[in-house]
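As structure tokens, the structure follows; a few thoughts come after it.
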Amino acid sequence: MATDVDIIETVNAPLDVTFAYVANYRTIPEWMFGVKKFEPVTDKDYGQGSVFDVSLSLGVPINTRIETVEFEDGQVIGMD
């Protein structure tokens with residue numbers, strides 16, 4: 001069963017700065033609720049085709065692997 005998560009926030013910063021922060025795997029645990037670890041699996045750590053091991057806690061610990069399946073710089077990041 002797939003679930004879509006859409007988050008909308010307002011930020012008082014330029015789009016390029018904001019997108020760079022959100023798209024950087026190193027900063028994801030700082031802003032994404034429950035994420036404890038977000039680490040690349042291969043040398044590709046940005047953009048479509050990048051794959052990450054993720055550990056999060058949402059009441060129970062979850063360990064999973066996700067892949068960036070949609071990416072347009074400055075516009076969209078889609079993960080599966």
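Chain labels A, B, ... are given in the sequence in which chains occur in the structure tokens; within each chain residues are numbered consecutively from 1, and ligands are likewise numbered from 1 in the order shown.
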*stretch 51-61 of chain A surroundings by only C-alpha atoms, 6 Å radius, close-in-sequence under 2 positions cut, as an MDAnalysis selection string*: chainID A and resid 34:41 63:67
Just to be explicit: take each residue in the selection above, keep N, CA and C atoms, and write the result as a short mmCIF file (atom, residue, chain, number, x, y, z; two decimals), in the first residue's frame.
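Saved as part.cif:
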data_model
loop_
_atom_site.label_atom_id
_atom_site.label_comp_id
_atom_site.auth_asym_id
_atom_site.auth_seq_id
_atom_site.Cartn_x
_atom_site.Cartn_y
_atom_site.Cartn_z
N GLY A 34 11.14 12.70 12.83
CA GLY A 34 11.39 11.30 13.14
C GLY A 34 12.64 10.70 12.53
N VAL A 35 13.28 11.38 11.57
CA VAL A 35 14.44 10.80 10.89
C VAL A 35 15.66 10.87 11.79
N LYS A 36 16.27 9.73 12.01
CA LYS A 36 17.48 9.62 12.84
C LYS A 36 18.73 9.45 11.96
N LYS A 37 18.57 8.77 10.82
CA LYS A 37 19.70 8.50 9.92
C LYS A 37 19.21 8.57 8.49
N PHE A 38 20.01 9.19 7.62
CA PHE A 38 19.70 9.31 6.20
C PHE A 38 21.03 9.25 5.47
N GLU A 39 21.43 8.06 5.03
CA GLU A 39 22.78 7.87 4.48
C GLU A 39 22.73 7.27 3.08
N PRO A 40 23.56 7.80 2.17
CA PRO A 40 23.60 7.25 0.82
C PRO A 40 24.15 5.83 0.81
N VAL A 41 23.63 5.03 -0.11
CA VAL A 41 24.06 3.64 -0.26
C VAL A 41 25.18 3.54 -1.30
N ASN A 63 13.40 0.99 9.76
CA ASN A 63 14.60 1.04 8.93
C ASN A 63 14.18 0.66 7.52
N THR A 64 14.54 1.50 6.56
CA THR A 64 14.10 1.26 5.19
C THR A 64 15.15 1.80 4.21
N ARG A 65 14.97 1.48 2.96
CA ARG A 65 15.80 2.01 1.88
C ARG A 65 14.89 2.74 0.91
N ILE A 66 15.28 3.96 0.54
CA ILE A 66 14.47 4.74 -0.40
C ILE A 66 15.31 5.18 -1.58
N GLU A 67 14.62 5.40 -2.70
CA GLU A 67 15.28 5.86 -3.92
C GLU A 67 14.62 7.13 -4.40
#
*Report the residues of chain A whose backbone DSSP state falls under strand (DSSP E), written as a PyMOL selection string.*
chain A and resi 35-40+51-57+61-72+76-79
Pull C-alpha atoms from the residues just selected and write them as a PDB file, in the first residue's frame.
ATOM      1  CA  VAL A  35      14.439  10.804  10.891  1.00  0.00           C
ATOM      2  CA  LYS A  36      17.480   9.624  12.836  1.00  0.00           C
ATOM      3  CA  LYS A  37      19.698   8.500   9.923  1.00  0.00           C
ATOM      4  CA  PHE A  38      19.698   9.309   6.202  1.00  0.00           C
ATOM      5  CA  GLU A  39      22.776   7.868   4.484  1.00  0.00           C
ATOM      6  CA  PRO A  40      23.595   7.251   0.817  1.00  0.00           C
ATOM      7  CA  VAL A  51      19.470   5.595  -2.922  1.00  0.00           C
ATOM      8  CA  PHE A  52      19.527   5.993   0.875  1.00  0.00           C
ATOM      9  CA  ASP A  53      19.263   3.873   3.988  1.00  0.00           C
ATOM     10  CA  VAL A  54      16.900   5.609   6.394  1.00  0.00           C
ATOM     11  CA  SER A  55      16.193   5.067  10.083  1.00  0.00           C
ATOM     12  CA  LEU A  56      13.295   6.845  11.693  1.00  0.00           C
ATOM     13  CA  SER A  57      11.117   6.631  14.739  1.00  0.00           C
ATOM     14  CA  PRO A  61      11.652   2.207  14.926  1.00  0.00           C
ATOM     15  CA  ILE A  62      11.627   1.890  11.131  1.00  0.00           C
ATOM     16  CA  ASN A  63      14.598   1.040   8.928  1.00  0.00           C
ATOM     17  CA  THR A  64      14.103   1.264   5.192  1.00  0.00           C
ATOM     18  CA  ARG A  65      15.805   2.008   1.883  1.00  0.00           C
ATOM     19  CA  ILE A  66      14.470   4.737  -0.396  1.00  0.00           C
ATOM     20  CA  GLU A  67      15.284   5.856  -3.921  1.00  0.00           C
ATOM     21  CA  THR A  68      14.898   9.269  -5.506  1.00  0.00           C
ATOM     22  CA  VAL A  69      12.561   8.527  -8.410  1.00  0.00           C
ATOM     23  CA  GLU A  70      11.728  12.081  -9.461  1.00  0.00           C
ATOM     24  CA  PHE A  71      14.002  15.096  -9.296  1.00  0.00           C
ATOM     25  CA  GLU A  72      13.947  18.496 -10.920  1.00  0.00           C
ATOM     26  CA  VAL A  76      10.539  18.649  -6.973  1.00  0.00           C
ATOM     27  CA  ILE A  77      11.948  15.644  -5.129  1.00  0.00           C
ATOM     28  CA  GLY A  78      10.020  12.379  -5.311  1.00  0.00           C
ATOM     29  CA  MET A  79      11.095   9.320  -3.334  1.00  0.00           C
TER      30      MET A  79
END
*Report as a list in words: the residues of stretch 28-73 of chain A with a DSSP assignment of alpha helix (DSSP H), based on the backbone of this structure.*
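Output for stretch 28-73 of chain A, alpha helix (DSSP H) only: Ile28, Pro29, Glu30 and Trp31 of chain A.
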Keeping all heavy atoms, export the residues of the selection given above as a PDB file, in the first residue's frame.
ATOM      1  N   ILE A  28      18.690  16.412   6.220  1.00  0.00           N
ATOM      2  CA  ILE A  28      17.344  15.848   6.359  1.00  0.00           C
ATOM      3  C   ILE A  28      16.987  15.515   7.812  1.00  0.00           C
ATOM      4  O   ILE A  28      15.885  15.847   8.248  1.00  0.00           O
ATOM      5  CB  ILE A  28      17.142  14.663   5.400  1.00  0.00           C
ATOM      6  CG1 ILE A  28      17.092  15.205   3.963  1.00  0.00           C
ATOM      7  CG2 ILE A  28      15.891  13.867   5.742  1.00  0.00           C
ATOM      8  CD1 ILE A  28      17.046  14.166   2.882  1.00  0.00           C
ATOM      9  N   PRO A  29      17.883  14.910   8.614  1.00  0.00           N
ATOM     10  CA  PRO A  29      17.506  14.656  10.015  1.00  0.00           C
ATOM     11  C   PRO A  29      17.232  15.930  10.821  1.00  0.00           C
ATOM     12  O   PRO A  29      16.578  15.869  11.863  1.00  0.00           O
ATOM     13  CB  PRO A  29      18.717  13.898  10.576  1.00  0.00           C
ATOM     14  CG  PRO A  29      19.331  13.245   9.388  1.00  0.00           C
ATOM     15  CD  PRO A  29      19.153  14.260   8.277  1.00  0.00           C
ATOM     16  N   GLU A  30      17.696  17.079  10.357  1.00  0.00           N
ATOM     17  CA  GLU A  30      17.449  18.342  11.060  1.00  0.00           C
ATOM     18  C   GLU A  30      16.011  18.826  10.886  1.00  0.00           C
ATOM     19  O   GLU A  30      15.492  19.516  11.750  1.00  0.00           O
ATOM     20  CB  GLU A  30      18.395  19.432  10.549  1.00  0.00           C
ATOM     21  CG  GLU A  30      19.856  19.166  10.830  1.00  0.00           C
ATOM     22  CD  GLU A  30      20.767  20.198  10.190  1.00  0.00           C
ATOM     23  OE1 GLU A  30      20.275  21.260   9.733  1.00  0.00           O
ATOM     24  OE2 GLU A  30      21.982  19.946  10.129  1.00  0.00           O
ATOM     25  N   TRP A  31      15.386  18.494   9.752  1.00  0.00           N
ATOM     26  CA  TRP A  31      14.075  19.069   9.478  1.00  0.00           C
ATOM     27  C   TRP A  31      12.955  18.051   9.250  1.00  0.00           C
ATOM     28  O   TRP A  31      11.778  18.409   9.357  1.00  0.00           O
ATOM     29  CB  TRP A  31      14.135  20.033   8.283  1.00  0.00           C
ATOM     30  CG  TRP A  31      14.528  19.394   6.987  1.00  0.00           C
ATOM     31  CD1 TRP A  31      15.783  19.315   6.462  1.00  0.00           C
ATOM     32  CD2 TRP A  31      13.672  18.753   6.054  1.00  0.00           C
ATOM     33  NE1 TRP A  31      15.758  18.654   5.258  1.00  0.00           N
ATOM     34  CE2 TRP A  31      14.471  18.297   4.986  1.00  0.00           C
ATOM     35  CE3 TRP A  31      12.300  18.505   6.006  1.00  0.00           C
ATOM     36  CZ2 TRP A  31      13.947  17.618   3.886  1.00  0.00           C
ATOM     37  CZ3 TRP A  31      11.767  17.825   4.912  1.00  0.00           C
ATOM     38  CH2 TRP A  31      12.598  17.402   3.868  1.00  0.00           C
TER      39      TRP A  31
END
*Fewer than 6 positions away in the same chain doesn't count, so skip those; otherwise give me all residues within 10 Å of A:Leu15, counting only C-alpha atoms, as number ranges by chain.*
A: 21, 74-75
Could the residues in this selection be written to a file with N, CA and C atoms, as a CSV table (one decimal), in the first residue's frame?
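Generated output (again-v1.csv):
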chain,number,residue,atom,x,y,z
A,21,TYR,N,19.1,23.2,0.8
A,21,TYR,CA,19.0,22.7,2.1
A,21,TYR,C,18.2,21.4,2.2
A,74,GLY,N,15.5,22.5,-8.0
A,74,GLY,CA,14.7,23.7,-7.6
A,74,GLY,C,13.2,23.6,-7.7
A,75,GLN,N,12.7,22.3,-8.0
A,75,GLN,CA,11.3,22.2,-8.2
A,75,GLN,C,10.7,21.0,-7.4
*State, in Å with one decimal place, the distance from atom CA of A:Tyr25 to atom CA of A:Tyr46.*
7.8 Å
*Any idea what the distance is between atom CA of A:Ile7 and atom CA of A:Phe33?*
11.3 Å
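When only C-alpha atoms are used to measure the gap to A:Gly47, the shortest distance among A:Glu9, A:Pro14, A:Asp4, A:Asp73 belongs to A:Asp73.
What separates atom CA of A:Val17 from atom CA of A:Thr3 is a distance of 28.3 Å.
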